[in-house]
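Printed here is query.cif (mmCIF, C-alpha atoms):
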data_run
loop_
_atom_site.label_atom_id
_atom_site.label_comp_id
_atom_site.auth_asym_id
_atom_site.auth_seq_id
_atom_site.Cartn_x
_atom_site.Cartn_y
_atom_site.Cartn_z
CA MET A 1 -37.80 -37.46 30.32
CA LYS A 2 -36.89 -33.75 30.31
CA LYS A 3 -33.76 -32.83 32.19
CA TYR A 4 -33.00 -29.66 34.14
CA ALA A 5 -29.82 -28.74 35.95
CA VAL A 6 -29.96 -25.92 38.48
CA ILE A 7 -26.34 -24.83 38.89
CA VAL A 8 -25.94 -22.86 42.10
CA ALA A 9 -23.19 -20.29 41.58
CA ALA A 10 -24.46 -17.60 43.95
CA GLY A 11 -21.71 -17.92 46.62
CA SER A 12 -19.33 -15.18 47.64
CA GLY A 13 -16.16 -17.27 48.09
CA ILE A 14 -14.96 -15.75 51.35
CA ARG A 15 -12.94 -18.80 52.38
CA MET A 16 -10.70 -18.64 49.31
CA GLY A 17 -9.28 -15.31 50.45
CA SER A 18 -10.05 -13.97 47.00
CA VAL A 19 -12.10 -10.97 45.88
CA LEU A 20 -13.59 -12.87 42.95
CA PRO A 21 -16.19 -15.52 43.97
CA LYS A 22 -14.57 -18.90 43.63
CA GLN A 23 -16.82 -20.17 40.83
CA PHE A 24 -15.13 -17.57 38.62
CA LEU A 25 -11.51 -18.37 39.50
CA LEU A 26 -9.54 -19.65 36.53
CA ILE A 27 -8.14 -23.13 35.95
CA HIS A 28 -6.17 -23.47 32.72
CA ASN A 29 -7.63 -20.06 31.73
CA LYS A 30 -11.29 -21.08 32.12
CA PRO A 31 -13.50 -20.30 35.13
CA ILE A 32 -14.42 -23.16 37.48
CA LEU A 33 -18.04 -22.59 36.41
CA TRP A 34 -17.07 -23.32 32.79
CA TYR A 35 -15.95 -26.86 33.69
CA THR A 36 -19.13 -27.53 35.64
CA LEU A 37 -21.36 -26.39 32.80
CA HIS A 38 -19.22 -28.27 30.28
CA THR A 39 -19.62 -31.56 32.15
CA PHE A 40 -23.42 -31.23 32.35
CA LEU A 41 -23.68 -30.29 28.67
CA LYS A 42 -21.42 -33.19 27.73
CA SER A 43 -23.57 -35.60 29.77
CA TYR A 44 -26.87 -34.80 28.03
CA LYS A 45 -27.15 -32.82 24.81
CA ASP A 46 -30.78 -32.00 25.61
CA ILE A 47 -30.28 -30.71 29.15
CA ASN A 48 -31.81 -27.38 30.21
CA ILE A 49 -29.49 -25.41 32.42
CA ILE A 50 -30.61 -22.79 34.93
CA LEU A 51 -27.72 -20.86 36.39
CA VAL A 52 -28.15 -19.04 39.71
CA LEU A 53 -25.73 -16.12 39.95
CA PRO A 54 -24.76 -13.45 42.49
CA ALA A 55 -26.26 -10.06 41.52
CA GLU A 56 -22.80 -8.43 41.49
CA TYR A 57 -21.44 -11.00 39.05
CA TYR A 58 -24.46 -11.51 36.86
CA ASP A 59 -22.71 -10.27 33.73
CA THR A 60 -19.60 -12.30 34.50
CA GLY A 61 -21.80 -15.40 34.68
CA LEU A 62 -23.61 -14.58 31.44
CA ALA A 63 -20.26 -14.21 29.69
CA VAL A 64 -19.37 -17.76 30.72
CA CYS A 65 -22.73 -19.01 29.38
CA ASP A 66 -22.05 -17.33 26.05
CA GLU A 67 -18.99 -19.47 25.62
CA MET A 68 -20.82 -22.76 26.15
CA ASN A 69 -22.63 -23.28 22.86
CA ALA A 70 -25.50 -25.14 24.57
CA ALA A 71 -28.33 -26.74 22.56
CA TYR A 72 -30.92 -24.95 24.76
CA PRO A 73 -30.08 -21.43 25.90
CA ILE A 74 -28.76 -21.39 29.45
CA ARG A 75 -31.14 -19.30 31.58
CA ALA A 76 -29.75 -17.22 34.41
CA VAL A 77 -31.37 -15.89 37.57
CA VAL A 78 -30.07 -13.86 40.51
CA GLY A 79 -29.68 -15.87 43.73
CA GLY A 80 -31.16 -15.21 47.16
CA ASP A 81 -29.82 -14.72 50.68
CA THR A 82 -29.19 -18.40 51.39
CA ARG A 83 -28.56 -21.47 49.27
CA PHE A 84 -32.20 -22.46 49.89
CA HIS A 85 -33.46 -19.18 48.47
CA SER A 86 -31.10 -19.43 45.51
CA VAL A 87 -32.34 -22.91 44.63
CA GLN A 88 -35.93 -21.75 45.08
CA LYS A 89 -35.34 -18.98 42.55
CA GLY A 90 -33.79 -21.42 40.07
CA LEU A 91 -36.66 -23.88 40.46
CA SER A 92 -39.22 -21.14 39.79
CA LEU A 93 -38.22 -21.38 36.10
CA ILE A 94 -39.22 -25.06 35.85
CA ASP A 95 -42.85 -25.71 34.93
CA GLU A 96 -42.84 -29.16 33.37
CA GLU A 97 -42.40 -32.75 34.51
CA SER A 98 -38.70 -33.49 34.55
CA ILE A 99 -35.70 -34.86 36.39
CA VAL A 100 -33.90 -32.00 38.14
CA PHE A 101 -30.23 -31.95 39.13
CA ILE A 102 -29.24 -29.36 41.75
CA HIS A 103 -25.51 -28.86 41.71
CA ASP A 104 -22.92 -26.62 43.37
CA ALA A 105 -21.02 -24.72 40.66
CA VAL A 106 -17.79 -25.13 42.63
CA ARG A 107 -17.93 -28.93 42.36
CA CYS A 108 -16.34 -28.86 38.93
CA LEU A 109 -14.69 -32.29 39.13
CA LEU A 110 -17.78 -34.49 38.89
CA SER A 111 -17.89 -36.99 36.03
CA PRO A 112 -20.60 -37.48 33.38
CA SER A 113 -21.04 -41.01 34.68
CA LEU A 114 -22.09 -39.68 38.11
CA ILE A 115 -24.66 -37.45 36.37
CA HIS A 116 -25.97 -40.42 34.35
CA HIS A 117 -26.12 -42.61 37.44
CA CYS A 118 -28.07 -39.97 39.40
CA PHE A 119 -30.52 -39.64 36.50
CA GLU A 120 -31.15 -43.39 36.26
CA GLU A 121 -31.57 -43.86 39.99
CA THR A 122 -33.95 -40.89 40.19
CA GLN A 123 -36.11 -42.40 37.47
CA LYS A 124 -36.41 -45.53 39.61
CA PHE A 125 -36.45 -44.14 43.14
CA GLY A 126 -37.62 -40.52 42.93
CA SER A 127 -34.28 -39.09 44.06
CA ALA A 128 -30.53 -39.72 44.09
CA ILE A 129 -28.24 -38.15 46.68
CA PRO A 130 -24.55 -38.88 46.07
CA CYS A 131 -22.63 -39.64 49.26
CA VAL A 132 -19.15 -40.78 50.20
CA ASP A 133 -17.69 -42.22 53.39
CA ALA A 134 -15.68 -40.05 55.74
CA ARG A 135 -12.00 -40.92 55.97
CA ASP A 136 -11.35 -39.24 59.28
CA SER A 137 -12.62 -40.25 62.68
CA ILE A 138 -15.79 -38.40 63.59
CA ARG A 139 -16.91 -36.54 66.68
CA LEU A 140 -20.53 -35.62 67.25
CA ILE A 141 -20.96 -32.23 68.93
CA HIS A 142 -23.91 -31.98 71.32
CA ALA A 143 -25.21 -29.44 73.80
CA THR A 144 -22.97 -30.48 76.69
CA GLY A 145 -19.86 -31.63 74.85
CA HIS A 146 -18.82 -34.07 72.15
CA LYS A 147 -18.45 -37.80 71.66
CA SER A 148 -16.77 -40.14 69.26
CA ILE A 149 -19.02 -41.94 66.79
CA LYS A 150 -18.22 -44.67 64.29
CA ARG A 151 -17.12 -43.50 60.88
CA SER A 152 -19.73 -45.80 59.34
CA GLU A 153 -22.49 -43.83 61.09
CA ILE A 154 -22.14 -40.83 58.84
CA LYS A 155 -22.01 -40.07 55.13
CA LEU A 156 -20.64 -36.93 53.50
CA VAL A 157 -23.19 -35.60 51.02
CA GLN A 158 -22.28 -34.23 47.59
CA THR A 159 -24.18 -32.86 44.65
CA PRO A 160 -25.82 -33.17 42.11
CA GLN A 161 -28.77 -33.93 44.37
CA THR A 162 -31.29 -35.21 41.88
CA PHE A 163 -35.08 -35.41 42.12
CA GLN A 164 -38.24 -35.98 40.15
CA SER A 165 -39.84 -32.57 39.69
CA ALA A 166 -43.14 -33.87 41.10
CA ILE A 167 -41.39 -34.34 44.45
CA LEU A 168 -38.93 -31.46 44.38
CA LEU A 169 -41.06 -28.53 43.21
CA PRO A 170 -43.81 -28.86 45.85
CA ALA A 171 -41.19 -29.53 48.56
CA TYR A 172 -39.54 -26.19 47.84
CA GLN A 173 -42.90 -24.35 48.18
CA THR A 174 -42.14 -23.70 51.81
CA ASN A 175 -40.45 -21.20 54.09
CA TYR A 176 -36.79 -21.39 54.93
CA GLN A 177 -35.83 -23.36 58.02
CA GLU A 178 -32.41 -23.52 59.63
CA GLU A 179 -32.51 -27.32 59.28
CA PHE A 180 -32.37 -27.05 55.47
CA THR A 181 -28.71 -27.91 55.02
CA ASP A 182 -29.17 -29.22 51.49
CA ASP A 183 -31.91 -30.16 49.01
CA ALA A 184 -32.37 -33.63 50.47
CA SER A 185 -33.28 -32.09 53.84
CA VAL A 186 -35.92 -29.88 52.16
CA VAL A 187 -37.47 -32.89 50.45
CA GLU A 188 -37.39 -34.90 53.67
CA ALA A 189 -39.13 -32.09 55.55
CA ALA A 190 -41.93 -32.42 52.99
CA GLY A 191 -42.38 -36.04 54.04
CA TYR A 192 -40.39 -37.95 51.45
CA GLU A 193 -37.53 -40.39 51.95
CA VAL A 194 -34.45 -39.77 49.86
CA HIS A 195 -32.38 -42.37 48.06
CA LEU A 196 -28.60 -42.41 48.60
CA VAL A 197 -26.18 -43.37 45.82
CA ASP A 198 -22.39 -43.60 45.70
CA GLY A 199 -20.67 -40.27 45.09
CA GLU A 200 -17.14 -39.76 43.79
CA SER A 201 -14.03 -39.11 45.85
CA ASN A 202 -12.86 -36.53 43.30
CA ASN A 203 -16.15 -34.62 43.44
CA ILE A 204 -14.88 -32.09 45.97
CA LYS A 205 -16.14 -28.60 46.63
CA ILE A 206 -13.42 -26.14 45.59
CA THR A 207 -13.06 -24.16 48.81
CA THR A 208 -9.37 -23.50 49.50
CA PRO A 209 -6.29 -22.66 47.40
CA LEU A 210 -5.23 -26.30 47.87
CA ASP A 211 -8.47 -27.47 46.25
CA LEU A 212 -7.76 -25.18 43.34
CA ALA A 213 -4.34 -26.79 42.90
CA ILE A 214 -5.99 -30.23 42.99
CA ALA A 215 -8.51 -29.21 40.33
CA GLU A 216 -5.72 -27.90 38.14
CA GLU A 217 -4.00 -31.27 38.45
CA LEU A 218 -7.14 -33.22 37.55
CA LEU A 219 -8.66 -31.11 34.80
CA ASP A 220 -7.23 -31.28 31.32
CA PRO A 221 -6.75 -27.92 29.62
CA PRO A 222 -9.86 -27.35 27.48
CA GLN A 223 -9.30 -27.96 23.77
CA PHE A 224 -12.57 -26.50 22.50
CA SER A 225 -16.10 -25.72 23.68
CA VAL A 226 -18.90 -28.28 23.51
CA MET B 1 8.73 -32.31 79.57
CA LYS B 2 9.83 -35.43 77.63
CA LYS B 3 8.24 -35.90 74.23
CA TYR B 4 7.32 -39.13 72.47
CA ALA B 5 5.77 -39.56 69.04
CA VAL B 6 4.22 -42.90 68.19
CA ILE B 7 4.07 -42.95 64.41
CA VAL B 8 1.59 -45.56 63.24
CA ALA B 9 2.77 -46.94 59.91
CA ALA B 10 1.33 -50.44 60.18
CA GLY B 11 -1.37 -50.11 57.49
CA SER B 12 -1.59 -52.21 54.34
CA GLY B 13 -2.69 -49.51 51.89
CA ILE B 14 -5.43 -51.47 50.11
CA ARG B 15 -7.35 -48.37 49.00
CA MET B 16 -4.41 -47.00 47.01
CA GLY B 17 -4.55 -49.95 44.59
CA SER B 18 -0.84 -50.38 45.19
CA VAL B 19 1.16 -53.39 46.36
CA LEU B 20 3.43 -51.27 48.52
CA PRO B 21 1.75 -49.93 51.69
CA LYS B 22 1.04 -46.25 51.12
CA GLN B 23 3.38 -44.96 53.83
CA PHE B 24 6.23 -46.19 51.62
CA LEU B 25 5.06 -44.65 48.33
CA LEU B 26 7.46 -42.05 47.02
CA ILE B 27 6.95 -38.28 46.72
CA HIS B 28 9.90 -36.47 45.16
CA ASN B 29 11.88 -39.72 45.63
CA LYS B 30 11.28 -39.97 49.37
CA PRO B 31 8.71 -42.22 51.08
CA ILE B 32 5.64 -40.56 52.64
CA LEU B 33 6.91 -41.82 56.01
CA TRP B 34 10.12 -39.83 55.51
CA TYR B 35 8.19 -36.55 55.40
CA THR B 36 6.20 -37.42 58.50
CA LEU B 37 9.32 -38.32 60.50
CA HIS B 38 11.10 -35.25 59.15
CA THR B 39 8.34 -32.90 60.37
CA PHE B 40 8.35 -34.37 63.88
CA LEU B 41 12.14 -34.23 64.11
CA LYS B 42 12.14 -30.67 62.84
CA SER B 43 9.51 -29.69 65.46
CA TYR B 44 11.47 -30.88 68.50
CA LYS B 45 15.14 -31.82 68.42
CA ASP B 46 14.71 -33.86 71.61
CA ILE B 47 11.70 -35.92 70.50
CA ASN B 48 11.71 -39.71 70.95
CA ILE B 49 10.14 -41.47 68.00
CA ILE B 50 8.55 -44.91 68.16
CA LEU B 51 7.67 -46.24 64.74
CA VAL B 52 5.03 -48.98 64.42
CA LEU B 53 5.61 -51.01 61.24
CA PRO B 54 3.96 -53.89 59.40
CA ALA B 55 5.93 -57.14 59.90
CA GLU B 56 6.37 -57.60 56.14
CA TYR B 57 7.90 -54.15 55.73
CA TYR B 58 9.91 -53.92 58.91
CA ASP B 59 13.23 -53.64 57.09
CA THR B 60 11.81 -51.09 54.65
CA GLY B 61 10.76 -48.98 57.63
CA LEU B 62 14.16 -49.32 59.34
CA ALA B 63 15.87 -48.17 56.15
CA VAL B 64 13.79 -44.97 56.26
CA CYS B 65 14.79 -44.42 59.92
CA ASP B 66 18.47 -44.81 59.01
CA GLU B 67 18.14 -41.81 56.73
CA MET B 68 16.72 -39.52 59.38
CA ASN B 69 19.75 -38.62 61.49
CA ALA B 70 17.62 -38.27 64.65
CA ALA B 71 19.12 -37.06 67.94
CA TYR B 72 17.63 -40.08 69.76
CA PRO B 73 17.57 -43.39 67.87
CA ILE B 74 14.14 -44.07 66.36
CA ARG B 75 12.81 -47.27 67.88
CA ALA B 76 10.67 -49.58 65.77
CA VAL B 77 8.10 -52.17 66.73
CA VAL B 78 5.86 -54.50 64.70
CA GLY B 79 2.17 -53.50 64.68
CA GLY B 80 -0.89 -55.52 65.68
CA ASP B 81 -4.13 -56.59 64.02
CA THR B 82 -5.91 -53.25 64.43
CA ARG B 83 -4.80 -49.66 64.86
CA PHE B 84 -5.61 -50.01 68.57
CA HIS B 85 -3.25 -52.97 68.93
CA SER B 86 -0.56 -51.17 66.95
CA VAL B 87 -0.73 -48.11 69.18
CA GLN B 88 -0.73 -50.37 72.26
CA LYS B 89 2.50 -51.97 71.07
CA GLY B 90 4.09 -48.58 70.44
CA LEU B 91 3.07 -47.29 73.88
CA SER B 92 4.59 -50.36 75.58
CA LEU B 93 8.01 -48.78 74.94
CA ILE B 94 7.18 -45.65 76.97
CA ASP B 95 7.95 -45.86 80.69
CA GLU B 96 8.40 -42.25 81.76
CA GLU B 97 6.25 -39.18 82.30
CA SER B 98 5.91 -37.43 78.99
CA ILE B 99 3.67 -35.84 76.38
CA VAL B 100 2.81 -38.44 73.73
CA PHE B 101 1.81 -37.68 70.15
CA ILE B 102 0.06 -40.50 68.28
CA HIS B 103 0.17 -39.85 64.57
CA ASP B 104 -0.81 -41.61 61.35
CA ALA B 105 2.29 -41.98 59.16
CA VAL B 106 0.22 -41.24 56.05
CA ARG B 107 -0.65 -37.74 57.31
CA CYS B 108 2.61 -36.34 56.00
CA LEU B 109 1.36 -32.80 55.40
CA LEU B 110 1.01 -31.64 59.00
CA SER B 111 3.00 -28.58 60.02
CA PRO B 112 5.44 -28.15 62.92
CA SER B 113 3.15 -25.44 64.28
CA LEU B 114 0.31 -27.96 64.66
CA ILE B 115 2.68 -30.23 66.59
CA HIS B 116 3.77 -27.33 68.82
CA HIS B 117 0.17 -26.28 69.41
CA CYS B 118 -0.88 -29.82 70.37
CA PHE B 119 2.05 -30.00 72.81
CA GLU B 120 1.18 -26.72 74.51
CA GLU B 121 -2.51 -27.48 74.80
CA THR B 122 -1.77 -30.94 76.19
CA GLN B 123 0.42 -29.42 78.88
CA LYS B 124 -2.54 -27.27 79.92
CA PHE B 125 -5.51 -29.57 79.32
CA GLY B 126 -4.21 -33.15 79.39
CA SER B 127 -4.93 -33.80 75.73
CA ALA B 128 -5.21 -32.13 72.33
CA ILE B 129 -7.28 -33.64 69.53
CA PRO B 130 -6.99 -31.71 66.24
CA CYS B 131 -10.31 -31.38 64.43
CA VAL B 132 -11.63 -29.59 61.36
CA ASP B 133 -15.13 -28.78 60.18
CA ALA B 134 -16.79 -30.84 57.47
CA ARG B 135 -17.33 -29.03 54.21
CA ASP B 136 -20.02 -31.33 52.87
CA SER B 137 -23.53 -31.75 54.13
CA ILE B 138 -23.79 -34.63 56.57
CA ARG B 139 -26.16 -37.55 56.90
CA LEU B 140 -26.35 -39.63 60.05
CA ILE B 141 -26.95 -43.32 59.38
CA HIS B 142 -29.08 -45.11 61.97
CA ALA B 143 -30.68 -48.51 62.32
CA THR B 144 -33.79 -47.74 60.30
CA GLY B 145 -32.46 -45.24 57.75
CA HIS B 146 -30.62 -41.95 57.66
CA LYS B 147 -31.26 -38.31 58.42
CA SER B 148 -29.70 -34.98 57.64
CA ILE B 149 -27.81 -33.29 60.46
CA LYS B 150 -26.25 -29.87 60.66
CA ARG B 151 -22.68 -29.61 59.50
CA SER B 152 -21.83 -27.84 62.77
CA GLU B 153 -22.86 -30.96 64.70
CA ILE B 154 -19.82 -32.94 63.66
CA LYS B 155 -16.07 -32.53 63.56
CA LEU B 156 -13.60 -34.49 61.46
CA VAL B 157 -10.79 -35.74 63.68
CA GLN B 158 -7.14 -35.72 62.64
CA THR B 159 -3.87 -36.67 64.26
CA PRO B 160 -1.50 -36.13 66.09
CA GLN B 161 -3.82 -36.96 68.97
CA THR B 162 -1.76 -35.83 71.91
CA PHE B 163 -1.96 -36.81 75.58
CA GLN B 164 -0.19 -36.66 78.88
CA SER B 165 1.31 -40.11 79.47
CA ALA B 166 -0.34 -40.28 82.90
CA ILE B 167 -3.73 -40.33 81.13
CA LEU B 168 -2.86 -42.22 77.96
CA LEU B 169 -0.83 -45.16 79.23
CA PRO B 170 -3.41 -46.42 81.78
CA ALA B 171 -6.24 -45.84 79.28
CA TYR B 172 -4.59 -48.19 76.80
CA GLN B 173 -4.30 -50.94 79.47
CA THR B 174 -7.60 -52.36 78.31
CA ASN B 175 -9.06 -54.82 75.82
CA TYR B 176 -10.01 -53.80 72.31
CA GLN B 177 -13.56 -52.62 71.76
CA GLU B 178 -15.22 -51.93 68.42
CA GLU B 179 -16.01 -48.41 69.64
CA PHE B 180 -12.30 -47.51 69.68
CA THR B 181 -12.19 -45.52 66.46
CA ASP B 182 -9.20 -43.44 67.52
CA ASP B 183 -7.06 -42.67 70.56
CA ALA B 184 -9.48 -40.08 71.91
CA SER B 185 -12.21 -42.72 72.13
CA VAL B 186 -9.90 -45.02 74.11
CA VAL B 187 -9.11 -42.24 76.57
CA GLU B 188 -12.80 -41.32 76.87
CA ALA B 189 -13.72 -44.94 77.59
CA ALA B 190 -11.30 -44.71 80.52
CA GLY B 191 -13.37 -41.85 81.93
CA TYR B 192 -11.50 -38.76 80.76
CA GLU B 193 -12.75 -35.85 78.69
CA VAL B 194 -10.65 -34.92 75.70
CA HIS B 195 -9.75 -31.41 74.61
CA LEU B 196 -10.36 -30.43 70.95
CA VAL B 197 -8.05 -28.04 69.11
CA ASP B 198 -8.10 -26.68 65.55
CA GLY B 199 -6.56 -29.03 63.00
CA GLU B 200 -5.25 -28.07 59.57
CA SER B 201 -7.10 -28.35 56.27
CA ASN B 202 -3.93 -29.62 54.59
CA ASN B 203 -3.42 -32.37 57.17
CA ILE B 204 -5.11 -35.04 55.06
CA LYS B 205 -4.68 -38.78 55.21
CA ILE B 206 -3.01 -39.91 51.98
CA THR B 207 -5.50 -42.53 50.85
CA THR B 208 -6.06 -42.26 47.09
CA PRO B 209 -3.87 -41.51 44.05
CA LEU B 210 -5.44 -38.02 44.05
CA ASP B 211 -4.16 -37.43 47.59
CA LEU B 212 -0.70 -38.46 46.44
CA ALA B 213 -0.86 -35.85 43.67
CA ILE B 214 -1.92 -33.24 46.24
CA ALA B 215 0.97 -34.14 48.52
CA GLU B 216 3.39 -33.88 45.61
CA GLU B 217 2.04 -30.40 44.93
CA LEU B 218 2.40 -29.28 48.54
CA LEU B 219 5.70 -30.84 49.57
CA ASP B 220 8.94 -29.26 48.50
CA PRO B 221 11.53 -31.68 47.18
CA PRO B 222 13.81 -32.49 50.13
CA GLN B 223 17.17 -30.70 50.02
CA PHE B 224 18.89 -32.62 52.82
CA SER B 225 18.09 -34.67 55.90
CA VAL B 226 17.51 -33.09 59.30
#
Encoding of this model in structure tokens:
Amino acid sequence: MKKYAVIVAAGSGIRMGSVLPKQFLLIHNKPILWYTLHTFLKSYKDINIILVLPAEYYDTGLAVCDEMNAAYPIRAVVGGDTRFHSVQKGLSLIDEESIVFIHDAVRCLLSPSLIHHCFEETQKFGSAIPCVDARDSIRLIHATGHKSIKRSEIKLVQTPQTFQSAILLPAYQTNYQEEFTDDASVVEAAGYEVHLVDGESNNIKITTPLDLAIAEELLDPPQFSV
Amino acid sequence: MKKYAVIVAAGSGIRMGSVLPKQFLLIHNKPILWYTLHTFLKSYKDINIILVLPAEYYDTGLAVCDEMNAAYPIRAVVGGDTRFHSVQKGLSLIDEESIVFIHDAVRCLLSPSLIHHCFEETQKFGSAIPCVDARDSIRLIHATGHKSIKRSEIKLVQTPQTFQSAILLPAYQTNYQEEFTDDASVVEAAGYEVHLVDGESNNIKITTPLDLAIAEELLDPPQFSV
């Protein structure tokens, strides 16, 4: 089965307090995006990568791709106004039956085994949405206030959200709705159920300077490109 | 106003894969519990600390207290079967009007300013429950499946959960219910509304070896006791 990874790197990184979008911040002298691409390329030699970039950093993104030495050329596309529109633009480059990973570039700590697991589960079940349990107590906010709910009643959703193209591509042929918080919600709105799998506690979204310090701790300095 | 902090250190630390409960694991040669106690003592010189300990590590906990040089002696009590029962035992030592912080010992990265803020808000509103936004997408699990909800519909709840004793002590005069996921839920079950305040992104629960590495990164090596 053909494999595509849409790597969403179109964010502006406001929360990091940095001018440079966070996918381009350096860890051991390589951008965060480098580690994400490296892990996907290490997982499957024959993977096709589509990289969604901010217009203002398109060349910066291409420079990272040039370093990767991928078997298939990494294709790049400029993102849209929301994550939904960015993914939609990435998916527009896929025109064959495949398994498609959609992954946040700033989750650079995922493991190849999570990618393999998502692939295998998607072959069987049509999709694989990695989730982890919350560690904190949870409060549900509603129109008139808030109430405590059991921790077991929610899951925190990660990426790569993985789908069979036959499900994903038609689901994304729709207009943006505010309820589209991730790819699973788009696919559900099209009438499909999604399949949850276990995520990884290390697979965090690099959002704050603390996260960057964590990533530095966990990532080995790169020895050579793939 | 008198100040009490009930520090709940009665957990067994199974998730850390360690024999020693995680509140006693060392960071820069001091137990996690040491940092937590240190931050409370630094926040208010006149704070009364009640430490809830596991029976098997009671002496270990007392040895940490001996190091603290607190203005008022730290009192220790053996915990119960659940967090609820542990808190209940800690509260049984409070018999005067006060503001009471209830805090997880393994959240050793909180700042004095969070403690001060919780105190001030509790004086005004009766309680202060520190919360942060979720960064991941969220899925609500229900009896027949799961559905995507907006990230803004939930809050992740931290500690110190802070209350006026006049509200907290009567609320805890009840029997354990499965719905008691934290102190706020106990107080709500007694008919009160709780007041949410902003938590801190660094105020994580040390649960995994990764968290321990983060804490090591963030905590300065101690120079001297308070």
On this file, the PyMOL selection byres ((chain A and resi 47) around 6) gives some set of residues; write that set as a compact mmCIF listing (two decimals) with C-alpha atoms, keeping the file's coordinate frame.
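Final file, part.txt:
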# COMPACT_ATOMS: atom_id res chain seq x y z
CA LYS A 3 -33.76 -32.83 32.19
CA TYR A 4 -33.00 -29.66 34.14
CA TYR A 44 -26.87 -34.80 28.03
CA LYS A 45 -27.15 -32.82 24.81
CA ASP A 46 -30.78 -32.00 25.61
CA ASN A 48 -31.81 -27.38 30.21
Q.
Nearest residue to Glu56 (chain B) out of B:Glu97, B:Gly90, B:Ala9, B:Leu41, using all atoms listed in the file?
A.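 Comparing B:Glu97, B:Gly90, B:Ala9, B:Leu41 against Glu56 (chain B), the winner is B:Ala9.
Residue membership of the PyMOL selection byres ((chain B and resi 89) around 8) in the shown file amounts to Val52, Val77, Val78, Gly79, Gly80, His85, Ser86, Val87, Gln88, Gly90, Leu91, Ser92 and Leu93 of chain B.
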Quick one: write out the picked residues with C-alpha atoms as a PDB file, in the coordinates of the input?
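Written output follows (part.pdb):
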ATOM      1  CA  VAL B  52       5.030 -48.980  64.420  1.00  0.00           C
ATOM      2  CA  VAL B  77       8.100 -52.170  66.730  1.00  0.00           C
ATOM      3  CA  VAL B  78       5.860 -54.500  64.700  1.00  0.00           C
ATOM      4  CA  GLY B  79       2.170 -53.500  64.680  1.00  0.00           C
ATOM      5  CA  GLY B  80      -0.890 -55.520  65.680  1.00  0.00           C
ATOM      6  CA  HIS B  85      -3.250 -52.970  68.930  1.00  0.00           C
ATOM      7  CA  SER B  86      -0.560 -51.170  66.950  1.00  0.00           C
ATOM      8  CA  VAL B  87      -0.730 -48.110  69.180  1.00  0.00           C
ATOM      9  CA  GLN B  88      -0.730 -50.370  72.260  1.00  0.00           C
ATOM     10  CA  GLY B  90       4.090 -48.580  70.440  1.00  0.00           C
ATOM     11  CA  LEU B  91       3.070 -47.290  73.880  1.00  0.00           C
ATOM     12  CA  SER B  92       4.590 -50.360  75.580  1.00  0.00           C
ATOM     13  CA  LEU B  93       8.010 -48.780  74.940  1.00  0.00           C
TER      14      LEU B  93
END
Q.
With distances taken over all atoms listed in the file, which residue among B:Ile99, B:Met68, B:Ala171, B:Ile115 lies nearest Pro31 (chain B)?
A.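 Distance minimum relative to Pro31 (chain B) lands on B:Met68.
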Q. Residues at most 12 Å from Gln123 (chain A), counting all atoms listed in the file, excluding those fewer than 5 positions away in the same chain, as a list of chain:residue names?
A.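 Answer for this query is A:Met1, A:Lys2, A:Lys3, A:Glu97, A:Ser98, A:Ile99, A:Val100, A:His116, A:His117, A:Cys118, A:Ala128, A:Thr162, A:Phe163, A:Gln164, A:Ser165, A:Ala166, A:Ile167, A:His195.
Distance cut-off 9 Å, centre (-8.3, -26.1, 36.7), atoms counted all atoms listed in the file; the residues meeting this are Leu25, Leu26, Ile27, His28, Asn29, Lys30, Pro31, Ile32, Tyr35, Cys108, Leu212, Ala213, Ile214, Ala215, Glu216, Glu217, Leu218, Leu219, Asp220 and Pro221 of chain A.
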**Q.** Gap from CA of Pro160 (chain A) to CA of Ile102 (chain A) - Å, one decimal
**A.**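 One can read the CA of Pro160 (chain A) to CA of Ile102 (chain A) distance as 5.1 Å.
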(Q) Report, in Å with one decimal, the straight-line distance from CA of Trp34 (chain B) to CA of Gln223 (chain B). (A) 12.8 Å
Q. What lies within 10 Å of Thr174 (chain A) using all atoms listed in the file, ignoring chain neighbours under 2 positions off, as an NGL selection string?
A. :A and (88 or 169-172 or 176-177 or 186 or 189-190)
Keeping only C-alpha atoms, write the selected residues to a file as a PDB file, in the coordinates of the input.
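As written to disk, out-v1.pdb reads:
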ATOM      1  CA  GLN A  88     -35.930 -21.750  45.080  1.00  0.00           C
ATOM      2  CA  LEU A 169     -41.060 -28.530  43.210  1.00  0.00           C
ATOM      3  CA  PRO A 170     -43.810 -28.860  45.850  1.00  0.00           C
ATOM      4  CA  ALA A 171     -41.190 -29.530  48.560  1.00  0.00           C
ATOM      5  CA  TYR A 172     -39.540 -26.190  47.840  1.00  0.00           C
ATOM      6  CA  TYR A 176     -36.790 -21.390  54.930  1.00  0.00           C
ATOM      7  CA  GLN A 177     -35.830 -23.360  58.020  1.00  0.00           C
ATOM      8  CA  VAL A 186     -35.920 -29.880  52.160  1.00  0.00           C
ATOM      9  CA  ALA A 189     -39.130 -32.090  55.550  1.00  0.00           C
ATOM     10  CA  ALA A 190     -41.930 -32.420  52.990  1.00  0.00           C
TER      11      ALA A 190
END
Q: Taking the file above as input, evaluate the PyMOL selection byres ((chain A and resi 10) around 12) and report the hits as a PyMOL selection string.
A: chain A and resi 6-9+11-13+20-24+33+51-58+60-61+76-87+89-90+103-106
